[in-house]
Structure formats: C-alpha cells, structure tokens
>>> print(open('model.pdb').read())   # PDB, C-alpha atoms
ATOM      1  CA  MET A   6     112.007 119.367  85.368
ATOM      2  CA  VAL A   7     111.188 117.867  88.756
ATOM      3  CA  GLN A   8     107.769 116.304  89.168
ATOM      4  CA  THR A   9     106.524 115.883  92.685
ATOM      5  CA  MET A  10     103.533 113.908  93.951
ATOM      6  CA  ARG A  11     102.718 113.834  97.629
ATOM      7  CA  THR A  12     100.222 111.730  99.481
ATOM      8  CA  THR A  13      98.402 113.507 102.254
ATOM      9  CA  PRO A  14      97.169 111.942 105.490
ATOM     10  CA  SER A  15      93.557 112.493 104.449
ATOM     11  CA  SER A  16      94.062 110.802 101.067
ATOM     12  CA  ALA A  17      96.035 107.999 102.746
ATOM     13  CA  ALA A  18      93.205 107.430 105.223
ATOM     14  CA  ALA A  19      90.641 107.414 102.419
ATOM     15  CA  GLU A  20      92.734 104.923 100.425
ATOM     16  CA  SER A  21      93.204 102.752 103.513
ATOM     17  CA  GLY A  22      89.461 102.760 104.128
ATOM     18  CA  ALA A  23      88.753 101.847 100.506
ATOM     19  CA  ALA A  24      91.203  98.932 100.695
ATOM     20  CA  ALA A  25      89.596  97.710 103.916
ATOM     21  CA  LYS A  26      86.208  97.557 102.174
ATOM     22  CA  GLY A  27      87.648  95.139  99.580
ATOM     23  CA  ALA A  28      88.016  97.705  96.801
ATOM     24  CA  GLY A  29      91.438  96.286  95.954
ATOM     25  CA  ARG A  30      95.092  96.940  96.494
ATOM     26  CA  GLU A  31      96.338 100.313  95.283
ATOM     27  CA  LEU A  32      99.849 100.243  93.849
ATOM     28  CA  LEU A  33     102.344 102.641  92.360
ATOM     29  CA  THR A  34     103.797 100.934  89.298
ATOM     30  CA  PHE A  35     107.269 101.556  87.921
ATOM     31  CA  ARG A  36     109.691 100.147  85.375
ATOM     32  CA  LEU A  37     113.120  98.637  85.837
ATOM     33  CA  GLY A  38     114.548  97.477  82.531
ATOM     34  CA  GLY A  39     111.838  95.616  80.645
ATOM     35  CA  GLU A  40     109.839  94.666  83.726
ATOM     36  CA  GLU A  41     107.082  96.427  85.617
ATOM     37  CA  TYR A  42     106.878  96.427  89.419
ATOM     38  CA  GLY A  43     104.264  97.515  91.942
ATOM     39  CA  ILE A  44     104.556  98.806  95.514
ATOM     40  CA  ASP A  45     101.934  99.824  98.060
ATOM     41  CA  ILE A  46     100.942 103.434  97.296
ATOM     42  CA  LEU A  47     100.584 104.175 101.019
ATOM     43  CA  LYS A  48     104.373 103.789 101.418
ATOM     44  CA  VAL A  49     105.007 106.547  98.833
ATOM     45  CA  GLN A  50     105.631 110.047 100.147
ATOM     46  CA  GLU A  51     106.430 111.705  96.815
ATOM     47  CA  ILE A  52     107.907 111.209  93.355
ATOM     48  CA  ARG A  53     110.815 113.348  92.195
ATOM     49  CA  GLY A  54     112.960 113.683  89.125
ATOM     50  CA  TRP A  55     116.519 112.386  89.219
ATOM     51  CA  GLU A  56     119.111 114.366  91.107
ATOM     52  CA  THR A  57     122.636 113.161  91.719
ATOM     53  CA  PRO A  58     123.055 112.124  95.358
ATOM     54  CA  THR A  59     126.141 112.789  97.466
ATOM     55  CA  ALA A  60     128.181 109.578  97.499
ATOM     56  CA  ILE A  61     128.973 107.853 100.796
ATOM     57  CA  ALA A  62     132.366 106.132 101.116
ATOM     58  CA  ASN A  63     132.375 102.330 101.406
ATOM     59  CA  ALA A  64     128.621 102.027 100.726
ATOM     60  CA  PRO A  65     127.447  99.086  98.589
ATOM     61  CA  ALA A  66     127.137  99.941  94.871
ATOM     62  CA  PHE A  67     123.311  99.940  95.013
ATOM     63  CA  ILE A  68     123.329 102.690  97.660
ATOM     64  CA  LYS A  69     123.934 105.735  95.478
ATOM     65  CA  GLY A  70     124.392 108.120  98.399
ATOM     66  CA  VAL A  71     122.165 110.654 100.141
ATOM     67  CA  ILE A  72     120.122 113.725  99.252
ATOM     68  CA  SER A  73     118.756 116.508 101.399
ATOM     69  CA  LEU A  74     114.973 116.664 101.162
ATOM     70  CA  ARG A  75     113.683 119.776 102.907
ATOM     71  CA  GLY A  76     116.326 119.353 105.604
ATOM     72  CA  THR A  77     115.993 115.567 105.968
ATOM     73  CA  ILE A  78     118.956 113.426 104.890
ATOM     74  CA  VAL A  79     117.567 110.660 102.685
ATOM     75  CA  PRO A  80     119.554 107.544 101.650
ATOM     76  CA  VAL A  81     119.083 106.683  97.961
ATOM     77  CA  VAL A  82     118.973 103.078  96.688
ATOM     78  CA  ASP A  83     119.145 102.212  92.988
ATOM     79  CA  LEU A  84     116.739  99.273  92.571
ATOM     80  CA  ARG A  85     118.193  98.347  89.148
ATOM     81  CA  LEU A  86     121.566  97.738  90.822
ATOM     82  CA  LYS A  87     119.978  96.096  93.894
ATOM     83  CA  PHE A  88     118.127  93.620  91.672
ATOM     84  CA  ASN A  89     121.223  93.005  89.463
ATOM     85  CA  LEU A  90     119.445  94.228  86.324
ATOM     86  CA  GLY A  91     122.524  95.684  84.680
ATOM     87  CA  GLU A  92     124.107  99.095  84.635
ATOM     88  CA  ALA A  93     121.751 101.953  85.457
ATOM     89  CA  LYS A  94     121.390 104.877  83.063
ATOM     90  CA  TYR A  95     120.372 108.207  84.564
ATOM     91  CA  ASP A  96     118.450 110.520  82.236
ATOM     92  CA  GLU A  97     115.301 112.659  82.069
ATOM     93  CA  THR A  98     113.004 109.650  82.619
ATOM     94  CA  THR A  99     114.868 108.383  85.694
ATOM     95  CA  VAL A 100     112.750 108.910  88.780
ATOM     96  CA  MET A 101     113.306 108.864  92.522
ATOM     97  CA  ILE A 102     110.423 107.512  94.595
ATOM     98  CA  ILE A 103     110.568 108.888  98.132
ATOM     99  CA  LEU A 104     109.196 106.340 100.604
ATOM    100  CA  ASN A 105     108.107 106.711 104.200
ATOM    101  CA  LEU A 106     108.796 103.387 105.912
ATOM    102  CA  SER A 107     108.068 103.211 109.624
ATOM    103  CA  GLY A 108     108.827 106.903 109.990
ATOM    104  CA  ARG A 109     112.130 106.652 108.076
ATOM    105  CA  VAL A 110     112.434 108.377 104.691
ATOM    106  CA  VAL A 111     114.267 106.467 101.927
ATOM    107  CA  GLY A 112     114.607 107.192  98.207
ATOM    108  CA  VAL A 113     114.605 104.502  95.512
ATOM    109  CA  VAL A 114     115.742 105.105  91.954
ATOM    110  CA  VAL A 115     113.733 103.511  89.134
ATOM    111  CA  ASP A 116     113.799 103.840  85.341
ATOM    112  CA  ALA A 117     110.310 105.374  85.143
ATOM    113  CA  VAL A 118     107.041 105.572  87.055
ATOM    114  CA  SER A 119     104.096 104.139  85.139
ATOM    115  CA  ASP A 120     100.865 104.841  87.026
ATOM    116  CA  VAL A 121      98.726 104.163  90.075
ATOM    117  CA  LEU A 122      96.728 100.980  89.685
ATOM    118  CA  THR A 123      94.146  99.179  91.815
ATOM    119  CA  LEU A 124      94.200  95.390  91.654
ATOM    120  CA  ALA A 125      91.390  93.217  92.970
ATOM    121  CA  ALA A 126      92.349  90.173  95.065
ATOM    122  CA  GLU A 127      91.677  87.815  92.134
ATOM    123  CA  GLN A 128      94.201  89.737  90.001
ATOM    124  CA  ILE A 129      97.027  88.934  92.428
ATOM    125  CA  LYS A 130      98.700  85.550  91.983
ATOM    126  CA  PRO A 131     101.135  83.954  94.451
ATOM    127  CA  ALA A 132     104.840  84.572  93.914
ATOM    128  CA  PRO A 133     106.601  81.687  92.170
ATOM    129  CA  GLU A 134     108.916  79.579  94.281
ATOM    130  CA  PHE A 135     112.589  79.635  93.397
ATOM    131  CA  SER A 136     115.560  77.757  94.762
ATOM    132  CA  SER A 137     117.188  79.217  97.828
ATOM    133  CA  THR A 138     120.121  80.622  95.800
ATOM    134  CA  PHE A 139     118.644  84.112  95.829
ATOM    135  CA  ASP A 140     116.379  86.033  98.173
ATOM    136  CA  THR A 141     112.849  86.629  96.902
ATOM    137  CA  THR A 142     111.127  87.084 100.262
ATOM    138  CA  TYR A 143     110.277  90.673  99.294
ATOM    139  CA  ILE A 144     108.233  89.513  96.256
ATOM    140  CA  THR A 145     104.641  89.211  97.470
ATOM    141  CA  GLY A 146     103.065  88.044  94.230
ATOM    142  CA  LEU A 147     102.355  88.807  90.607
ATOM    143  CA  GLY A 148      99.662  91.235  89.573
ATOM    144  CA  VAL A 149      97.819  90.557  86.341
ATOM    145  CA  GLU A 150      95.800  93.189  84.522
ATOM    146  CA  LYS A 151      94.771  92.449  80.914
ATOM    147  CA  ASP A 152      98.068  91.727  79.121
ATOM    148  CA  ARG A 153     100.187  93.360  81.845
ATOM    149  CA  MET A 154     102.119  91.491  84.529
ATOM    150  CA  LEU A 155     103.521  93.280  87.582
ATOM    151  CA  ILE A 156     106.047  91.982  90.081
ATOM    152  CA  LEU A 157     104.621  93.013  93.459
ATOM    153  CA  VAL A 158     107.281  94.071  95.950
ATOM    154  CA  ASP A 159     106.990  94.444  99.711
ATOM    155  CA  ILE A 160     109.203  97.532  99.704
ATOM    156  CA  GLU A 161     109.335  97.708 103.487
ATOM    157  CA  ARG A 162     110.581  94.117 103.750
ATOM    158  CA  LEU A 163     113.175  94.820 101.053
ATOM    159  CA  MET A 164     114.431  97.955 102.799
ATOM    160  CA  THR A 165     114.628  96.154 106.170
ATOM    161  CA  SER A 166     116.585  93.192 104.791
ATOM    162  CA  SER A 167     119.945  92.584 106.450
ATOM    163  CA  ASP A 168     121.999  93.720 103.438
ATOM    164  CA  MET A 169     120.138  97.029 103.240
ATOM    165  CA  ALA A 170     120.142  98.088 106.904
ATOM    166  CA  LEU A 171     118.311 101.296 105.961
ATOM    167  CA  VAL A 172     115.302 100.888 108.208
ATOM    168  CA  ASP A 173     115.500  99.163 111.575
ATOM    169  CA  ALA A 174     113.643  95.871 111.372
ATOM    170  CA  ALA A 175     112.312  96.459 114.893
ATOM    171  CA  SER A 176     110.724  99.756 113.882
ATOM    172  CA  ALA A 177     109.230  98.209 110.735
ATOM    173  CA  ALA A 178     107.264  95.593 112.678
TER
END
>>> encode(input="model.pdb", output="structure tokens")
Amino acid sequence: MVQTMRTTPSSAAAESGAAAKGAGRELLTFRLGGEEYGIDILKVQEIRGWETPTAIANAPAFIKGVISLRGTIVPVVDLRLKFNLGEAKYDETTVMIILNLSGRVVGVVVDAVSDVLTLAAEQIKPAPEFSSTFDTTYITGLGVEKDRMLILVDIERLMTSSDMALVDAASAA
C-alpha cells in the first residue's frame, strides 16, 4: 500500500509564517537503523511507499536509480547507504520521502517515517564537532524532546554536496 502526503503552498505558507513568529522549527522525523533524524518539513513534497527504482549504470551505490513521478524523472538516494549505516533492507516499512529542493525533485529512501514534530529553539543543541575525517557539514544540530534525540539534517546541503551532484549548488543558494 502506498501512502502519500503532500504539502500544499497554502499549508507551507502557514507553516513558514508560524516559524517566523517563533513557534518553533517543524520537522519530518524518520528512522535509519537505530537512529532518528529530522529534516525541514517545508522541503518535503510527499511521502510514498517503497517502489524499486530503475538502476542507472555507473551510479554510486547510494544512488538507487530513478523513478517516474507523474511524468517527472526523480533520482532516488538511499540515506542508509549514503551514511554508511550498513546494508539496506527494503520491505513494507521502507519509505521514500520526495523532496523539492530549489525546484528539483529528489527522492530519499529511509527505514520508516516517524512523525511531524515542532521543536522550540531551546530544544535544538549545536552539532558536536568531529575530526575532519568525515563530512558532517549537513548536520545542523541535535533536537531533544523528552527522552528522544534527533539528528537534524540540512537535507538541501546534503543533496548539493559535491559527491551527490543531484541539485546544482548555484540553484540551491
């Protein structure tokens, strides 16, 4: 069964206005392995069930291929593979989050979508600093809610990184 959630321009504008008034940061949360992540809900176009993409020759392993979404060819990235979290398993809980990043549509595969959550500024802690051996520039902080900790990801920065080359960095600015 395919579940689909779409954000509409009117709801996006309302959410943007609420965030501007200090109501908090609204995030879509999802799971990869044992960890929970959060991305800006305004970047999410829809959520779909897993469908096997068409493979593209010579693509990196984390780029699973492409799908056709209502006539638009959408590249699909498996975040479990991108983050080196082990072999991905595709089953009925696997979800594809369709993102709209600077007018470009990209799909990301995650283990499961959790919920939509609003975090106040005081619930967001700075990202820890690591050695320069791996790139963490796309981690914007850690969200804390009760006994839950979320890794907050700047999904646009991740998708515009040089190894991804899915969205032109110039158009993302």
>>> atom_distance(input="model.pdb", atom1="atom CA of A:Asn105", atom2="atom CA of A:Thr77")
12.0 Å
>>> closest_residue(input="model.pdb", among="A:Val121, A:Asp45, A:Leu86, A:Glu40", to="A:Thr145", atoms="all atoms listed in the file")
A:Asp45
>>> resolve_selection(input="model.pdb", expression="the PyMOL selection byres ((chain A and resi 30) around 8)", output="list in words")
Ala24, Ala28, Gly29, Glu31, Leu32, Asp45, Thr123, Leu124, Ala125 and Ala126 of chain A
>>> closest_residue(input="model.pdb", among="A:Leu122, A:Val158, A:Ile103, A:Ala132", to="A:Ser73", atoms="only C-alpha atoms")
A:Ile103
>>> atom_distance(input="model.pdb", atom1="atom CA of A:Thr141", atom2="atom CA of A:Asp96")
28.6 Å
>>> resolve_selection(input="model.pdb", expression="the PyMOL selection byres ((chain A and resi 154) around 12)", output="list of chain:residue names")
A:Thr34, A:Phe35, A:Arg36, A:Gly39, A:Glu40, A:Glu41, A:Tyr42, A:Gly43, A:Leu124, A:Gln128, A:Ile129, A:Lys130, A:Ala132, A:Gly146, A:Leu147, A:Gly148, A:Val149, A:Glu150, A:Lys151, A:Asp152, A:Arg153, A:Leu155, A:Ile156, A:Leu157
>>> closest_residue(input="model.pdb", among="A:Ile44, A:Leu37, A:Val82, A:Leu106", to="A:Pro58", atoms="all atoms listed in the file")
A:Val82
>>> residues_around(input="model.pdb", residues="A:Ile102", least_positions_apart="4", cutoff="6 Å", atoms="all atoms listed in the file", output="ChimeraX atom specification")
/A:52,112-113
>>> resolve_selection(input="model.pdb", expression="the PyMOL selection byres ((chain A and resi 83) around 12)", output="PDB file with C-alpha atoms, in the frame of the given file")
ATOM      1  CA  LEU A  37     113.120  98.637  85.837  1.00  0.00           C
ATOM      2  CA  TRP A  55     116.519 112.386  89.219  1.00  0.00           C
ATOM      3  CA  THR A  57     122.636 113.161  91.719  1.00  0.00           C
ATOM      4  CA  PRO A  58     123.055 112.124  95.358  1.00  0.00           C
ATOM      5  CA  PRO A  65     127.447  99.086  98.589  1.00  0.00           C
ATOM      6  CA  ALA A  66     127.137  99.941  94.871  1.00  0.00           C
ATOM      7  CA  PHE A  67     123.311  99.940  95.013  1.00  0.00           C
ATOM      8  CA  ILE A  68     123.329 102.690  97.660  1.00  0.00           C
ATOM      9  CA  LYS A  69     123.934 105.735  95.478  1.00  0.00           C
ATOM     10  CA  GLY A  70     124.392 108.120  98.399  1.00  0.00           C
ATOM     11  CA  VAL A  71     122.165 110.654 100.141  1.00  0.00           C
ATOM     12  CA  PRO A  80     119.554 107.544 101.650  1.00  0.00           C
ATOM     13  CA  VAL A  81     119.083 106.683  97.961  1.00  0.00           C
ATOM     14  CA  VAL A  82     118.973 103.078  96.688  1.00  0.00           C
ATOM     15  CA  LEU A  84     116.739  99.273  92.571  1.00  0.00           C
ATOM     16  CA  ARG A  85     118.193  98.347  89.148  1.00  0.00           C
ATOM     17  CA  LEU A  86     121.566  97.738  90.822  1.00  0.00           C
ATOM     18  CA  LYS A  87     119.978  96.096  93.894  1.00  0.00           C
ATOM     19  CA  PHE A  88     118.127  93.620  91.672  1.00  0.00           C
ATOM     20  CA  ASN A  89     121.223  93.005  89.463  1.00  0.00           C
ATOM     21  CA  LEU A  90     119.445  94.228  86.324  1.00  0.00           C
ATOM     22  CA  GLY A  91     122.524  95.684  84.680  1.00  0.00           C
ATOM     23  CA  GLU A  92     124.107  99.095  84.635  1.00  0.00           C
ATOM     24  CA  ALA A  93     121.751 101.953  85.457  1.00  0.00           C
ATOM     25  CA  LYS A  94     121.390 104.877  83.063  1.00  0.00           C
ATOM     26  CA  TYR A  95     120.372 108.207  84.564  1.00  0.00           C
ATOM     27  CA  THR A  99     114.868 108.383  85.694  1.00  0.00           C
ATOM     28  CA  VAL A 100     112.750 108.910  88.780  1.00  0.00           C
ATOM     29  CA  MET A 101     113.306 108.864  92.522  1.00  0.00           C
ATOM     30  CA  ILE A 102     110.423 107.512  94.595  1.00  0.00           C
ATOM     31  CA  VAL A 111     114.267 106.467 101.927  1.00  0.00           C
ATOM     32  CA  GLY A 112     114.607 107.192  98.207  1.00  0.00           C
ATOM     33  CA  VAL A 113     114.605 104.502  95.512  1.00  0.00           C
ATOM     34  CA  VAL A 114     115.742 105.105  91.954  1.00  0.00           C
ATOM     35  CA  VAL A 115     113.733 103.511  89.134  1.00  0.00           C
ATOM     36  CA  ASP A 116     113.799 103.840  85.341  1.00  0.00           C
ATOM     37  CA  MET A 164     114.431  97.955 102.799  1.00  0.00           C
ATOM     38  CA  MET A 169     120.138  97.029 103.240  1.00  0.00           C
TER      39      MET A 169
END
>>> closest_residue(input="model.pdb", among="A:Val79, A:Val49, A:Ala64, A:Leu163", to="A:Leu104", atoms="all atoms listed in the file")
A:Val49
>>> atom_distance(input="model.pdb", atom1="atom CA of A:Pro133", atom2="atom CA of A:Ile160")
17.7 Å
>>> axis_aligned_box(input="model.pdb", around="stretch 68-81 of chain A", padding_each_side="4 Å", output="AutoDock Vina command-line options")
--center_x 119.0 --center_y 111.2 --center_z 100.7 --size_x 18.7 --size_y 25.1 --size_z 18.5
